[in-house]
$ cat run_39.txt   # compact mmCIF, C-alpha atoms
# COMPACT_ATOMS: atom_id res chain seq x y z
CA MET A 1 -131.60 -104.61 -26.69
CA HIS A 2 -128.72 -102.79 -28.34
CA LYS A 3 -130.22 -99.36 -27.67
CA VAL A 4 -130.57 -99.96 -23.95
CA ASP A 5 -127.05 -101.35 -23.84
CA VAL A 6 -125.63 -98.22 -25.46
CA GLU A 7 -127.45 -95.84 -23.11
CA MET A 8 -126.35 -97.82 -20.09
CA GLY A 9 -122.83 -97.75 -21.49
CA ARG A 10 -122.78 -93.98 -21.73
CA ASP A 11 -123.64 -93.59 -18.04
CA LEU A 12 -120.97 -96.09 -17.03
CA TYR A 13 -118.31 -94.33 -19.11
CA GLU A 14 -119.25 -90.94 -17.69
CA MET A 15 -119.16 -92.22 -14.11
CA ASN A 16 -115.81 -93.90 -14.78
CA ARG A 17 -114.35 -90.68 -16.17
CA LYS A 18 -115.35 -88.78 -13.03
CA ILE A 19 -113.75 -91.32 -10.72
CA ALA A 20 -110.62 -91.46 -12.91
CA SER A 21 -110.32 -87.71 -12.70
CA ARG A 22 -110.62 -87.88 -8.88
CA LEU A 23 -107.91 -90.55 -8.81
CA ARG A 24 -105.56 -88.46 -10.97
CA SER A 25 -105.97 -85.54 -8.56
CA LEU A 26 -105.16 -87.85 -5.66
CA PHE A 27 -102.03 -89.18 -7.40
CA ASP A 28 -100.91 -85.61 -8.22
CA GLU A 29 -101.42 -84.53 -4.64
CA LYS A 30 -99.25 -87.44 -3.46
CA ASP A 31 -96.59 -86.81 -6.16
CA ILE A 32 -97.22 -90.24 -7.65
CA VAL A 33 -96.62 -91.03 -11.32
CA ALA A 34 -99.26 -93.57 -12.31
CA ILE A 35 -98.89 -95.75 -15.41
CA ASP A 36 -101.49 -98.10 -16.89
CA PHE A 37 -100.17 -101.11 -18.84
CA MET A 38 -102.62 -102.61 -21.29
CA GLY A 39 -102.03 -105.42 -23.78
CA SER A 40 -103.09 -108.92 -24.74
CA ILE A 41 -102.49 -111.86 -22.43
CA GLY A 42 -99.04 -113.29 -22.81
CA SER A 43 -97.66 -110.11 -24.37
CA GLY A 44 -95.34 -109.73 -21.37
CA LYS A 45 -96.96 -106.96 -19.30
CA THR A 46 -96.01 -108.53 -15.97
CA LEU A 47 -92.40 -109.23 -17.00
CA VAL A 48 -92.00 -105.67 -18.31
CA ILE A 49 -93.21 -104.36 -14.93
CA GLU A 50 -90.88 -106.77 -13.09
CA LYS A 51 -87.89 -105.51 -15.08
CA LEU A 52 -88.93 -101.89 -14.49
CA ILE A 53 -89.08 -102.57 -10.74
CA GLU A 54 -85.55 -104.03 -10.89
CA LEU A 55 -84.21 -101.02 -12.78
CA LEU A 56 -86.03 -98.46 -10.61
CA LYS A 57 -85.01 -99.93 -7.27
CA ASP A 58 -84.10 -96.49 -5.89
CA LYS A 59 -87.77 -95.46 -6.29
CA ARG A 60 -90.66 -96.44 -4.06
CA ILE A 61 -92.97 -98.45 -6.26
CA GLY A 62 -96.54 -99.68 -5.93
CA VAL A 63 -98.31 -102.08 -8.26
CA ILE A 64 -101.98 -102.86 -8.87
CA VAL A 65 -102.32 -106.16 -10.67
CA GLY A 66 -105.53 -106.97 -12.53
CA ASP A 67 -106.53 -110.47 -13.53
CA VAL A 68 -109.83 -112.17 -14.23
CA THR A 69 -109.00 -114.70 -11.54
CA GLY A 70 -106.08 -116.01 -9.50
CA ASP A 71 -102.98 -114.39 -8.06
CA ASP A 72 -100.15 -115.60 -10.35
CA ASP A 73 -99.05 -112.10 -11.36
CA TYR A 74 -99.52 -110.78 -7.81
CA LYS A 75 -97.09 -113.40 -6.50
CA ARG A 76 -94.54 -112.55 -9.21
CA ILE A 77 -94.60 -108.87 -8.19
CA LYS A 78 -94.78 -109.55 -4.44
CA LYS A 79 -91.34 -111.16 -4.40
CA TYR A 80 -89.74 -107.79 -5.22
CA GLY A 81 -90.86 -106.47 -1.84
CA VAL A 82 -92.89 -103.61 -3.28
CA GLN A 83 -96.43 -102.69 -2.28
CA VAL A 84 -98.86 -104.66 -4.43
CA VAL A 85 -102.62 -105.17 -4.58
CA ASN A 86 -104.38 -107.88 -6.58
CA ILE A 87 -107.73 -107.19 -8.29
CA ASN A 88 -109.78 -110.09 -9.61
CA THR A 89 -112.47 -108.85 -11.97
CA GLY A 90 -114.36 -112.13 -12.23
CA LYS A 91 -115.99 -111.83 -15.62
CA GLU A 92 -115.01 -108.27 -16.45
CA CYS A 93 -112.49 -107.82 -19.23
CA HIS A 94 -110.97 -104.56 -17.97
CA LEU A 95 -110.09 -102.67 -14.81
CA ASP A 96 -112.14 -99.56 -14.09
CA ALA A 97 -111.60 -96.47 -11.94
CA HIS A 98 -114.00 -97.71 -9.29
CA LEU A 99 -111.95 -100.87 -8.79
CA ILE A 100 -108.75 -98.79 -8.64
CA GLU A 101 -110.30 -96.54 -5.98
CA HIS A 102 -110.88 -99.60 -3.82
CA ALA A 103 -107.41 -100.95 -4.57
CA VAL A 104 -105.63 -97.76 -3.48
CA GLU A 105 -107.36 -98.01 -0.10
CA ASN A 106 -105.02 -100.95 0.46
CA LEU A 107 -101.88 -99.05 -0.49
CA ASN A 108 -99.88 -96.56 1.58
CA LEU A 109 -99.79 -93.84 -1.05
CA ASP A 110 -97.42 -91.69 1.03
CA ASP A 111 -94.77 -94.32 0.45
CA ILE A 112 -95.23 -94.62 -3.34
CA GLN A 113 -93.55 -92.58 -6.07
CA ILE A 114 -94.48 -94.71 -9.06
CA LEU A 115 -97.69 -96.71 -9.38
CA PHE A 116 -97.90 -99.37 -12.09
CA MET A 117 -101.35 -100.68 -12.98
CA GLU A 118 -101.50 -103.90 -14.96
CA ASN A 119 -104.78 -104.12 -16.82
CA ILE A 120 -106.72 -107.26 -17.86
CA GLY A 121 -105.14 -108.94 -20.87
CA ASN A 122 -106.91 -108.03 -24.09
CA LEU A 123 -106.86 -105.26 -26.69
CA VAL A 124 -110.53 -104.29 -26.62
CA CYS A 125 -112.19 -103.45 -23.32
CA PRO A 126 -109.47 -101.59 -21.34
CA ALA A 127 -109.38 -98.76 -23.92
CA ASP A 128 -112.73 -97.37 -22.77
CA PHE A 129 -111.90 -97.13 -19.09
CA GLU A 130 -109.37 -94.58 -17.84
CA LEU A 131 -107.86 -95.47 -14.47
CA GLY A 132 -106.55 -92.06 -13.47
CA SER A 133 -103.07 -92.81 -14.79
CA HIS A 134 -100.72 -90.18 -16.22
CA LYS A 135 -99.58 -92.43 -19.02
CA ARG A 136 -101.20 -95.41 -20.70
CA GLY A 137 -99.21 -97.97 -22.64
CA VAL A 138 -99.94 -101.03 -24.76
CA VAL A 139 -97.56 -104.00 -24.64
CA ILE A 140 -97.73 -106.20 -27.74
CA SER A 141 -95.62 -109.21 -28.63
CA VAL A 142 -94.20 -110.02 -32.04
CA THR A 143 -95.71 -113.49 -31.60
CA GLU A 144 -99.19 -111.99 -32.04
CA GLY A 145 -98.59 -111.32 -35.73
CA ASP A 146 -98.12 -108.07 -37.62
CA ASP A 147 -101.79 -107.10 -37.99
CA MET A 148 -102.80 -106.31 -34.40
CA VAL A 149 -102.41 -102.55 -34.64
CA ARG A 150 -104.83 -102.10 -37.53
CA LYS A 151 -107.14 -104.72 -36.03
CA HIS A 152 -107.38 -102.86 -32.71
CA PRO A 153 -106.76 -99.21 -33.61
CA LEU A 154 -108.62 -97.69 -30.66
CA ILE A 155 -106.43 -98.99 -27.87
CA PHE A 156 -103.29 -97.78 -29.66
CA GLN A 157 -104.86 -94.40 -30.34
CA ILE A 158 -105.73 -93.76 -26.70
CA ALA A 159 -102.30 -94.96 -25.54
CA ASP A 160 -99.27 -92.73 -24.92
CA PHE A 161 -96.67 -95.39 -25.69
CA ILE A 162 -96.38 -98.79 -27.30
CA VAL A 163 -94.00 -101.56 -26.22
CA ILE A 164 -93.23 -104.17 -28.88
CA ASN A 165 -91.95 -107.06 -26.80
CA LYS A 166 -90.25 -110.45 -27.44
CA ILE A 167 -88.18 -109.00 -30.30
CA ASP A 168 -85.75 -111.91 -29.79
CA LEU A 169 -88.43 -114.16 -31.35
CA ILE A 170 -88.64 -112.22 -34.64
CA PRO A 171 -86.34 -114.70 -36.47
CA TYR A 172 -88.75 -117.56 -35.68
CA MET A 173 -91.92 -115.74 -36.71
CA GLU A 174 -93.39 -115.02 -40.13
CA ILE A 175 -93.94 -111.35 -39.38
CA ASP A 176 -92.93 -108.11 -41.00
CA MET A 177 -91.83 -105.56 -38.37
CA ASP A 178 -92.15 -102.80 -40.99
CA VAL A 179 -95.87 -103.51 -41.23
CA ILE A 180 -96.31 -103.02 -37.48
CA LEU A 181 -94.24 -99.83 -37.43
CA LYS A 182 -95.99 -98.41 -40.52
CA ASP A 183 -99.42 -99.20 -39.04
CA ILE A 184 -98.40 -97.41 -35.84
CA GLN A 185 -97.22 -94.38 -37.85
CA ALA A 186 -100.46 -94.30 -39.84
CA ILE A 187 -102.98 -95.15 -37.13
CA ALA A 188 -101.48 -94.19 -33.78
CA PRO A 189 -98.11 -92.41 -34.01
CA LYS A 190 -96.99 -92.91 -30.42
CA LYS A 191 -93.64 -93.41 -28.72
CA VAL A 192 -92.47 -96.97 -29.49
CA PHE A 193 -90.09 -99.15 -27.46
CA LEU A 194 -88.65 -102.40 -28.79
CA THR A 195 -87.98 -104.77 -25.91
CA ASN A 196 -86.99 -108.27 -24.95
CA ALA A 197 -88.24 -108.24 -21.37
CA ARG A 198 -86.68 -111.63 -20.67
CA SER A 199 -83.14 -110.30 -21.25
CA GLY A 200 -84.00 -106.74 -20.21
CA GLU A 201 -83.20 -105.29 -23.64
CA GLY A 202 -84.95 -101.97 -24.20
CA ILE A 203 -86.33 -101.68 -20.67
CA ARG A 204 -83.89 -98.94 -19.59
CA GLU A 205 -85.09 -96.62 -22.39
CA LEU A 206 -88.67 -97.29 -21.30
CA ALA A 207 -87.88 -96.63 -17.63
CA GLU A 208 -86.12 -93.35 -18.44
CA TRP A 209 -88.96 -92.15 -20.64
CA LEU A 210 -91.61 -93.09 -18.06
CA VAL A 211 -90.06 -91.57 -14.96
CA GLY A 212 -86.91 -89.76 -16.15
CA MET B 7 -123.81 -98.85 -10.94
CA HIS B 8 -122.70 -102.44 -10.54
CA LYS B 9 -126.16 -103.64 -9.57
CA VAL B 10 -127.81 -102.18 -12.66
CA ASP B 11 -125.04 -103.62 -14.79
CA VAL B 12 -125.61 -107.12 -13.42
CA GLU B 13 -129.37 -107.03 -13.97
CA MET B 14 -128.93 -105.75 -17.50
CA GLY B 15 -126.39 -108.49 -18.05
CA ARG B 16 -128.80 -111.21 -17.03
CA ASP B 17 -131.38 -110.08 -19.60
CA LEU B 18 -128.76 -109.90 -22.33
CA TYR B 19 -127.48 -113.40 -21.54
CA GLU B 20 -131.00 -114.82 -21.49
CA MET B 21 -131.88 -113.19 -24.80
CA ASN B 22 -128.62 -114.42 -26.31
CA ARG B 23 -129.32 -117.98 -25.16
CA LYS B 24 -132.73 -117.94 -26.84
CA ILE B 25 -131.33 -116.73 -30.16
CA ALA B 26 -128.44 -119.22 -29.94
CA SER B 27 -130.93 -122.03 -29.42
CA ARG B 28 -132.89 -120.87 -32.49
CA LEU B 29 -129.67 -120.81 -34.52
CA ARG B 30 -128.75 -124.34 -33.44
CA SER B 31 -132.18 -125.60 -34.59
CA LEU B 32 -131.65 -123.87 -37.92
CA PHE B 33 -128.20 -125.44 -38.35
CA ASP B 34 -129.59 -128.88 -37.43
CA GLU B 35 -132.43 -128.51 -39.92
CA LYS B 36 -129.88 -127.66 -42.65
CA ASP B 37 -127.51 -130.49 -41.60
CA ILE B 38 -124.77 -128.00 -40.82
CA VAL B 39 -122.05 -128.65 -38.24
CA ALA B 40 -121.24 -125.29 -36.65
CA ILE B 41 -118.02 -124.70 -34.76
CA ASP B 42 -117.06 -121.60 -32.74
CA PHE B 43 -113.34 -120.83 -32.46
CA MET B 44 -112.39 -118.65 -29.50
CA GLY B 45 -108.91 -117.63 -28.37
CA SER B 46 -106.63 -114.67 -27.80
CA ILE B 47 -105.48 -112.49 -30.68
CA GLY B 48 -102.47 -113.92 -32.42
CA SER B 49 -103.10 -117.42 -31.14
CA GLY B 50 -103.63 -118.58 -34.72
CA LYS B 51 -107.43 -118.99 -35.00
CA THR B 52 -107.54 -117.78 -38.61
CA LEU B 53 -104.62 -119.95 -39.73
CA VAL B 54 -106.14 -123.02 -38.04
CA ILE B 55 -109.38 -122.37 -39.95
CA GLU B 56 -107.44 -121.85 -43.20
CA LYS B 57 -105.68 -125.20 -42.77
CA LEU B 58 -108.99 -126.91 -41.92
CA ILE B 59 -110.50 -125.51 -45.14
CA GLU B 60 -107.55 -126.91 -47.12
CA LEU B 61 -107.92 -130.35 -45.55
CA LEU B 62 -111.71 -130.44 -45.85
CA LYS B 63 -111.88 -129.36 -49.47
CA ASP B 64 -114.39 -132.09 -50.32
CA LYS B 65 -116.87 -130.44 -47.91
CA ARG B 66 -118.90 -127.28 -48.52
CA ILE B 67 -117.65 -124.80 -45.96
CA GLY B 68 -118.90 -121.44 -44.72
CA VAL B 69 -117.05 -119.07 -42.42
CA ILE B 70 -118.18 -116.17 -40.24
CA VAL B 71 -115.21 -114.01 -39.30
CA GLY B 72 -115.44 -111.67 -36.31
CA ASP B 73 -113.10 -108.76 -35.76
CA VAL B 74 -113.38 -105.50 -33.88
CA THR B 75 -112.58 -103.68 -37.10
CA GLY B 76 -111.16 -104.30 -40.59
CA ASP B 77 -111.33 -107.22 -42.97
CA ASP B 78 -107.84 -108.79 -42.76
CA ASP B 79 -109.10 -112.21 -41.69
CA TYR B 80 -112.04 -112.03 -44.10
CA LYS B 81 -109.62 -111.56 -47.03
CA ARG B 82 -107.47 -114.47 -45.87
CA ILE B 83 -110.51 -116.79 -45.88
CA LYS B 84 -112.03 -115.35 -49.06
CA LYS B 85 -109.12 -116.55 -51.18
CA TYR B 86 -110.11 -120.18 -50.56
CA GLY B 87 -113.32 -119.59 -52.52
CA VAL B 88 -115.62 -120.56 -49.64
CA GLN B 89 -118.66 -118.59 -48.49
CA VAL B 90 -117.54 -116.05 -45.91
CA VAL B 91 -119.13 -113.16 -44.01
CA ASN B 92 -117.23 -110.51 -42.04
CA ILE B 93 -118.62 -109.11 -38.78
CA ASN B 94 -117.09 -105.96 -37.29
CA THR B 95 -118.18 -105.54 -33.69
CA GLY B 96 -116.84 -102.02 -33.25
CA LYS B 97 -116.21 -101.88 -29.53
CA GLU B 98 -117.66 -105.23 -28.55
CA CYS B 99 -115.20 -107.89 -27.40
CA HIS B 100 -117.23 -110.92 -28.50
CA LEU B 101 -119.64 -112.14 -31.16
CA ASP B 102 -123.20 -112.78 -30.03
CA ALA B 103 -126.06 -114.85 -31.39
CA HIS B 104 -127.89 -111.77 -32.66
CA LEU B 105 -124.90 -110.83 -34.83
CA ILE B 106 -124.67 -114.42 -36.10
CA GLU B 107 -128.37 -114.37 -37.01
CA HIS B 108 -127.73 -111.35 -39.22
CA ALA B 109 -124.56 -112.92 -40.65
CA VAL B 110 -126.32 -116.12 -41.73
CA GLU B 111 -128.79 -114.01 -43.74
CA ASN B 112 -125.84 -113.41 -46.06
CA LEU B 113 -124.94 -117.08 -46.42
CA ASN B 114 -126.60 -119.71 -48.60
CA LEU B 115 -127.06 -122.28 -45.83
CA ASP B 116 -128.32 -124.92 -48.27
CA ASP B 117 -124.81 -125.01 -49.73
CA ILE B 118 -122.93 -125.31 -46.40
CA GLN B 119 -122.02 -128.49 -44.51
CA ILE B 120 -119.57 -127.01 -42.03
CA LEU B 121 -119.77 -123.52 -40.59
CA PHE B 122 -116.73 -122.10 -38.82
CA MET B 123 -117.23 -119.02 -36.65
CA GLU B 124 -114.13 -117.11 -35.63
CA ASN B 125 -114.80 -115.14 -32.48
CA ILE B 126 -113.19 -111.86 -31.35
CA GLY B 127 -109.69 -112.41 -30.01
CA ASN B 128 -109.62 -112.57 -26.21
CA LEU B 129 -110.14 -115.13 -23.45
CA VAL B 130 -112.78 -113.30 -21.43
CA CYS B 131 -115.91 -112.05 -23.18
CA PRO B 132 -116.71 -114.76 -25.77
CA ALA B 133 -117.28 -117.37 -23.03
CA ASP B 134 -120.58 -115.82 -21.99
CA PHE B 135 -122.18 -115.76 -25.42
CA GLU B 136 -123.17 -118.98 -27.18
CA LEU B 137 -123.48 -118.65 -30.93
CA GLY B 138 -125.59 -121.69 -31.66
CA SER B 139 -122.55 -123.81 -32.50
CA HIS B 140 -122.35 -127.56 -31.91
CA LYS B 141 -118.79 -127.37 -30.64
CA ARG B 142 -116.79 -124.54 -29.10
CA GLY B 143 -113.01 -124.52 -29.07
CA VAL B 144 -110.26 -122.35 -27.62
CA VAL B 145 -107.04 -121.83 -29.58
CA ILE B 146 -104.08 -120.85 -27.42
CA SER B 147 -100.46 -120.35 -28.41
CA VAL B 148 -97.42 -121.52 -26.48
CA THR B 149 -96.11 -117.96 -26.84
CA GLU B 150 -98.77 -116.75 -24.39
CA GLY B 151 -97.02 -118.46 -21.47
CA ASP B 152 -98.00 -121.48 -19.40
CA ASP B 153 -100.44 -119.78 -17.03
CA MET B 154 -103.32 -118.83 -19.32
CA VAL B 155 -105.55 -121.79 -18.49
CA ARG B 156 -105.66 -121.12 -14.75
CA LYS B 157 -105.91 -117.38 -15.41
CA HIS B 158 -108.99 -117.78 -17.64
CA PRO B 159 -110.66 -120.98 -16.40
CA LEU B 160 -114.18 -120.13 -17.56
CA ILE B 161 -113.54 -120.07 -21.29
CA PHE B 162 -111.77 -123.44 -21.12
CA GLN B 163 -114.55 -124.90 -18.98
CA ILE B 164 -117.29 -123.97 -21.44
CA ALA B 165 -115.23 -125.18 -24.41
CA ASP B 166 -115.42 -128.65 -25.96
CA PHE B 167 -111.86 -128.72 -27.24
CA ILE B 168 -108.58 -126.88 -26.81
CA VAL B 169 -105.98 -126.31 -29.53
CA ILE B 170 -102.45 -125.58 -28.28
CA ASN B 171 -100.87 -123.95 -31.31
CA LYS B 172 -97.37 -122.86 -32.40
CA ILE B 173 -95.77 -125.90 -30.74
CA ASP B 174 -92.77 -125.39 -33.04
CA LEU B 175 -91.88 -122.36 -30.89
CA ILE B 176 -91.64 -124.29 -27.60
CA PRO B 177 -87.81 -124.51 -27.78
CA TYR B 178 -87.56 -120.70 -27.85
CA MET B 179 -89.99 -120.07 -24.98
CA GLU B 180 -89.52 -120.33 -21.24
CA ILE B 181 -92.66 -122.36 -20.77
CA ASP B 182 -93.48 -125.70 -19.23
CA MET B 183 -95.94 -127.66 -21.39
CA ASP B 184 -96.65 -129.96 -18.44
CA VAL B 185 -98.05 -127.00 -16.52
CA ILE B 186 -100.52 -126.21 -19.30
CA LEU B 187 -101.58 -129.85 -19.68
CA LYS B 188 -101.90 -130.35 -15.91
CA ASP B 189 -103.97 -127.15 -15.59
CA ILE B 190 -106.25 -128.40 -18.37
CA GLN B 191 -106.65 -131.76 -16.60
CA ALA B 192 -107.43 -130.07 -13.29
CA ILE B 193 -109.58 -127.17 -14.46
CA ALA B 194 -111.12 -128.12 -17.80
CA PRO B 195 -110.41 -131.70 -18.90
CA LYS B 196 -111.29 -131.29 -22.58
CA LYS B 197 -110.01 -132.84 -25.80
CA VAL B 198 -106.60 -131.29 -26.54
CA PHE B 199 -104.89 -130.91 -29.93
CA LEU B 200 -101.24 -129.90 -30.28
CA THR B 201 -100.75 -128.05 -33.55
CA ASN B 202 -98.35 -126.04 -35.63
CA ALA B 203 -100.84 -124.43 -37.97
CA ARG B 204 -98.04 -122.96 -40.10
CA SER B 205 -96.78 -126.41 -41.11
CA GLY B 206 -100.17 -128.09 -40.74
CA GLU B 207 -98.98 -130.42 -37.97
CA GLY B 208 -101.88 -131.70 -35.87
CA ILE B 209 -104.60 -130.18 -38.06
CA ARG B 210 -105.68 -133.52 -39.56
CA GLU B 211 -106.48 -134.95 -36.11
CA LEU B 212 -108.50 -131.82 -35.35
CA ALA B 213 -110.38 -132.02 -38.67
CA GLU B 214 -111.23 -135.69 -38.14
CA TRP B 215 -112.45 -135.09 -34.61
CA LEU B 216 -114.55 -132.09 -35.63
CA VAL B 217 -116.31 -133.53 -38.64
CA GLY B 218 -115.23 -137.18 -38.85
$ encode --input "run_39.txt" --output "structure tokens"
Amino acid sequence: MHKVDVEMGRDLYEMNRKIASRLRSLFDEKDIVAIDFMGSIGSGKTLVIEKLIELLKDKRIGVIVGDVTGDDDYKRIKKYGVQVVNINTGKECHLDAHLIEHAVENLNLDDIQILFMENIGNLVCPADFELGSHKRGVVISVTEGDDMVRKHPLIFQIADFIVINKIDLIPYMEIDMDVILKDIQAIAPKKVFLTNARSGEGIRELAEWLVG
Amino acid sequence: MHKVDVEMGRDLYEMNRKIASRLRSLFDEKDIVAIDFMGSIGSGKTLVIEKLIELLKDKRIGVIVGDVTGDDDYKRIKKYGVQVVNINTGKECHLDAHLIEHAVENLNLDDIQILFMENIGNLVCPADFELGSHKRGVVISVTEGDDMVRKHPLIFQIADFIVINKIDLIPYMEIDMDVILKDIQAIAPKKVFLTNARSGEGIRELAEWLVG
């Protein structure tokens, strides 16, 4: 059972990589910067994207929103008047390049400079599936505890940047920020942003780094 | 690609169900109550189990701890002196019955009355894989926002009970508890426990319901 699963997996990964590569070429051709936001549910991915849209209002933005079901996040993005497509994966725990290829059919790419892709909320599955983005980020929240980096090393290792969100809640949590930062240094030394997406703290630095 | 994936999936689910059924018979034969804890990372699954162990110290307890990698949770449980086995799933986002069957080989089942199984932290994959438990629960944290029930209906629907944890943090969050409770009523009307695992609040009610 496990053997078959692994072999099937290899084919799926290879096919995904090919489609992701095709997508990246398409984005390059259209001068689009594409960014994939990964992270656990409730870490604040949607709010980070909302605040980025507010800050980058002189840019033409598109958003692909992934959720297992429903359109809650889609509606939150829609109210900013940007182009947005909702993907429901049903039982799948990650977006994949094939789904993104269908999603972009519903976007006018000639009118997009920055494309945000919000992945399904968890720290396991999305790591294995590139979406053709130029940068991949993981959004974590201090409320998740200080052990999530060493517990999910892969997703941080394949990411280009890490957003540590909800820093306003640190005083109410029993967490050690040094542990998180040391784990990042040791396991996945990537660019780190400390944010409170609710107040907007830290989002400008992120926006400048992403599209500056 | 998708078609093959679906057919493969059906076989895997069917095989898992058979092994889970075998496990449940084994637990019944040994008079063991087995409970599967699901929930996102950082929701507090491990701490809830720790507090249950403290409260149920007159019972003989065993724990199977699932994590993608590492042994952080295993060490936390180990210090209570109960039987505990660590499962690292590598890239898999859920435990399955086959993994549990191997894990129980390393437990002395004749000396266990209650078996806690801590699943991999996310609200998508674990739903599809029964582990032979008598009760399945989802632990969510108020820090994850008030939309997680309607965003992940399946896992709540297949669960027997729902633990809403970290209720001490409600005053610092922009969440509406009524939304969560109404969603549960509408989508998955299960037994709900409100807990603050850090202080132990609400854990006694949970313990009594689980093994009373």
$ closest_atom_pairs --input "run_39.txt" --of "chain A" --to "chain B" --cutoff "8 Å" --atoms "only C-alpha atoms" --output "Markdown table"
| residue | atom | partner | partner_atom | distance |
| --- | --- | --- | --- | --- |
| A:Met1 | CA | B:Leu18 | CA | 7.4 |
| A:Asp5 | CA | B:Met14 | CA | 7.9 |
| A:Met8 | CA | B:Asp11 | CA | 8.0 |
| A:Leu12 | CA | B:Met7 | CA | 7.3 |
| A:Ser40 | CA | B:Ile47 | CA | 7.3 |
| A:Ile41 | CA | B:Glu150 | CA | 6.4 |
| A:Gly42 | CA | B:Glu150 | CA | 3.8 |
| A:Ser43 | CA | B:Glu150 | CA | 6.7 |
| A:Asp67 | CA | B:Lys157 | CA | 7.2 |
| A:Val68 | CA | B:His158 | CA | 6.6 |
| A:Thr69 | CA | B:Lys157 | CA | 5.6 |
| A:Gly70 | CA | B:Lys157 | CA | 6.1 |
| A:Asp72 | CA | B:Lys157 | CA | 7.9 |
| A:Lys91 | CA | B:Val130 | CA | 6.8 |
| A:Glu92 | CA | B:Val130 | CA | 7.4 |
| A:Cys93 | CA | B:Val130 | CA | 5.9 |
| A:Gly121 | CA | B:Asn128 | CA | 7.9 |
| A:Asn122 | CA | B:Asn128 | CA | 5.7 |
| A:Leu123 | CA | B:Asn128 | CA | 7.8 |
| A:Val124 | CA | B:Cys99 | CA | 5.9 |
| A:Cys125 | CA | B:Cys99 | CA | 6.7 |
| A:Thr143 | CA | B:Thr149 | CA | 6.5 |
| A:Glu144 | CA | B:Gly48 | CA | 3.8 |
| A:Gly145 | CA | B:Gly48 | CA | 5.7 |
| A:Asp147 | CA | B:Asp78 | CA | 7.9 |
| A:Met148 | CA | B:Ile47 | CA | 7.7 |
| A:Arg150 | CA | B:Gly76 | CA | 7.4 |
| A:Lys151 | CA | B:Thr75 | CA | 5.6 |
| A:His152 | CA | B:Val74 | CA | 6.7 |
| A:Leu169 | CA | B:Tyr178 | CA | 7.5 |
| A:Tyr172 | CA | B:Leu175 | CA | 7.5 |
$ atom_distance --input "run_39.txt" --atom1 "atom CA of Gly132 of chain A" --atom2 "atom CA of Ile162 of chain A"
18.4 Å
$ closest_residue --input "run_39.txt" --among "A:Arg60, A:Lys191, A:Lys79, A:Lys30" --to "Val138 of chain A" --atoms "all atoms listed in the file"
A:Lys191
$ atom_distance --input "run_39.txt" --atom1 "atom CA of Val155 of chain B" --atom2 "atom CA of Val82 of chain A"
26.9 Å
$ atom_distance --input "run_39.txt" --atom1 "atom CA of Glu207 of chain B" --atom2 "atom CA of Leu187 of chain B"
18.5 Å
$ closest_residue --input "run_39.txt" --among "B:Ala26, B:Val69, B:Leu58, B:Ile93" --to "Trp215 of chain B" --atoms "all atoms listed in the file"
B:Leu58
$ residues_around --input "run_39.txt" --residues "Ala192 of chain B" --least-positions-apart "2" --cutoff "12 Å" --atoms "all atoms listed in the file" --output "MDAnalysis selection string"
chainID B and resid 155:156 159 162:163 184:190 194:196
$ residues_near_point --input "run_39.txt" --point "(-110.9, -130.7, -49.0)" --cutoff "12 Å" --atoms "all atoms listed in the file" --output "list of chain:residue names"
B:Glu56, B:Lys57, B:Leu58, B:Ile59, B:Glu60, B:Leu61, B:Leu62, B:Lys63, B:Asp64, B:Lys65, B:Arg66, B:Ile67, B:Tyr86, B:Gly87, B:Val88, B:Ile120, B:Arg210, B:Ala213, B:Glu214
$ closest_residue --input "run_39.txt" --among "B:Ile170, B:Leu32, B:Ile164, B:Val110" --to "Ile193 of chain B" --atoms "only C-alpha atoms"
B:Ile164
$ residues_around --input "run_39.txt" --residues "Leu105 of chain B" --least-positions-apart "3" --cutoff "9 Å" --atoms "all atoms listed in the file" --output "PDB file with C-alpha atoms, in the frame of the given file"
ATOM      1  CA  ILE B  93    -118.620-109.110 -38.780  1.00  0.00           C
ATOM      2  CA  THR B  95    -118.180-105.540 -33.690  1.00  0.00           C
ATOM      3  CA  LEU B 101    -119.640-112.140 -31.160  1.00  0.00           C
ATOM      4  CA  ASP B 102    -123.200-112.780 -30.030  1.00  0.00           C
ATOM      5  CA  HIS B 108    -127.730-111.350 -39.220  1.00  0.00           C
ATOM      6  CA  ALA B 109    -124.560-112.920 -40.650  1.00  0.00           C
ATOM      7  CA  VAL B 110    -126.320-116.120 -41.730  1.00  0.00           C
ATOM      8  CA  LEU B 137    -123.480-118.650 -30.930  1.00  0.00           C
TER       9      LEU B 137
END
$ residues_around --input "run_39.txt" --residues "Leu216 of chain B" --least-positions-apart "4" --cutoff "9 Å" --atoms "all atoms listed in the file" --output "compact mmCIF listing (two decimals) with C-alpha atoms, in the coordinates of the input"
# COMPACT_ATOMS: atom_id res chain seq x y z
CA VAL B 39 -122.05 -128.65 -38.24
CA ILE B 41 -118.02 -124.70 -34.76
CA LYS B 141 -118.79 -127.37 -30.64
CA GLU B 211 -106.48 -134.95 -36.11
CA LEU B 212 -108.50 -131.82 -35.35
$ residues_around --input "run_39.txt" --residues "Gln89 of chain B" --least-positions-apart "5" --cutoff "10 Å" --atoms "all atoms listed in the file" --output "list in words"
Arg66, Ile67, Gly68, Val69, Ile70, Ile83, Lys84, Asn112, Leu113, Asn114, Leu115, Asp117, Ile118 and Leu121 of chain B
$ decode --input "run_39.txt" --residues "segment 186-193 of chain A" --atoms "C-alpha atoms" --output "mmCIF file, in the first residue's frame"
data_model
loop_
_atom_site.group_PDB
_atom_site.id
_atom_site.type_symbol
_atom_site.label_atom_id
_atom_site.label_comp_id
_atom_site.auth_asym_id
_atom_site.auth_seq_id
_atom_site.Cartn_x
_atom_site.Cartn_y
_atom_site.Cartn_z
ATOM 1 C CA ALA A 186 19.121 26.854 12.746
ATOM 2 C CA ILE A 187 16.576 25.158 10.489
ATOM 3 C CA ALA A 188 15.474 27.659 7.859
ATOM 4 C CA PRO A 189 17.363 30.972 7.951
ATOM 5 C CA LYS A 190 14.923 33.032 5.901
ATOM 6 C CA LYS A 191 13.828 36.669 5.916
ATOM 7 C CA VAL A 192 11.575 37.187 8.961
ATOM 8 C CA PHE A 193 8.861 39.822 9.448
#
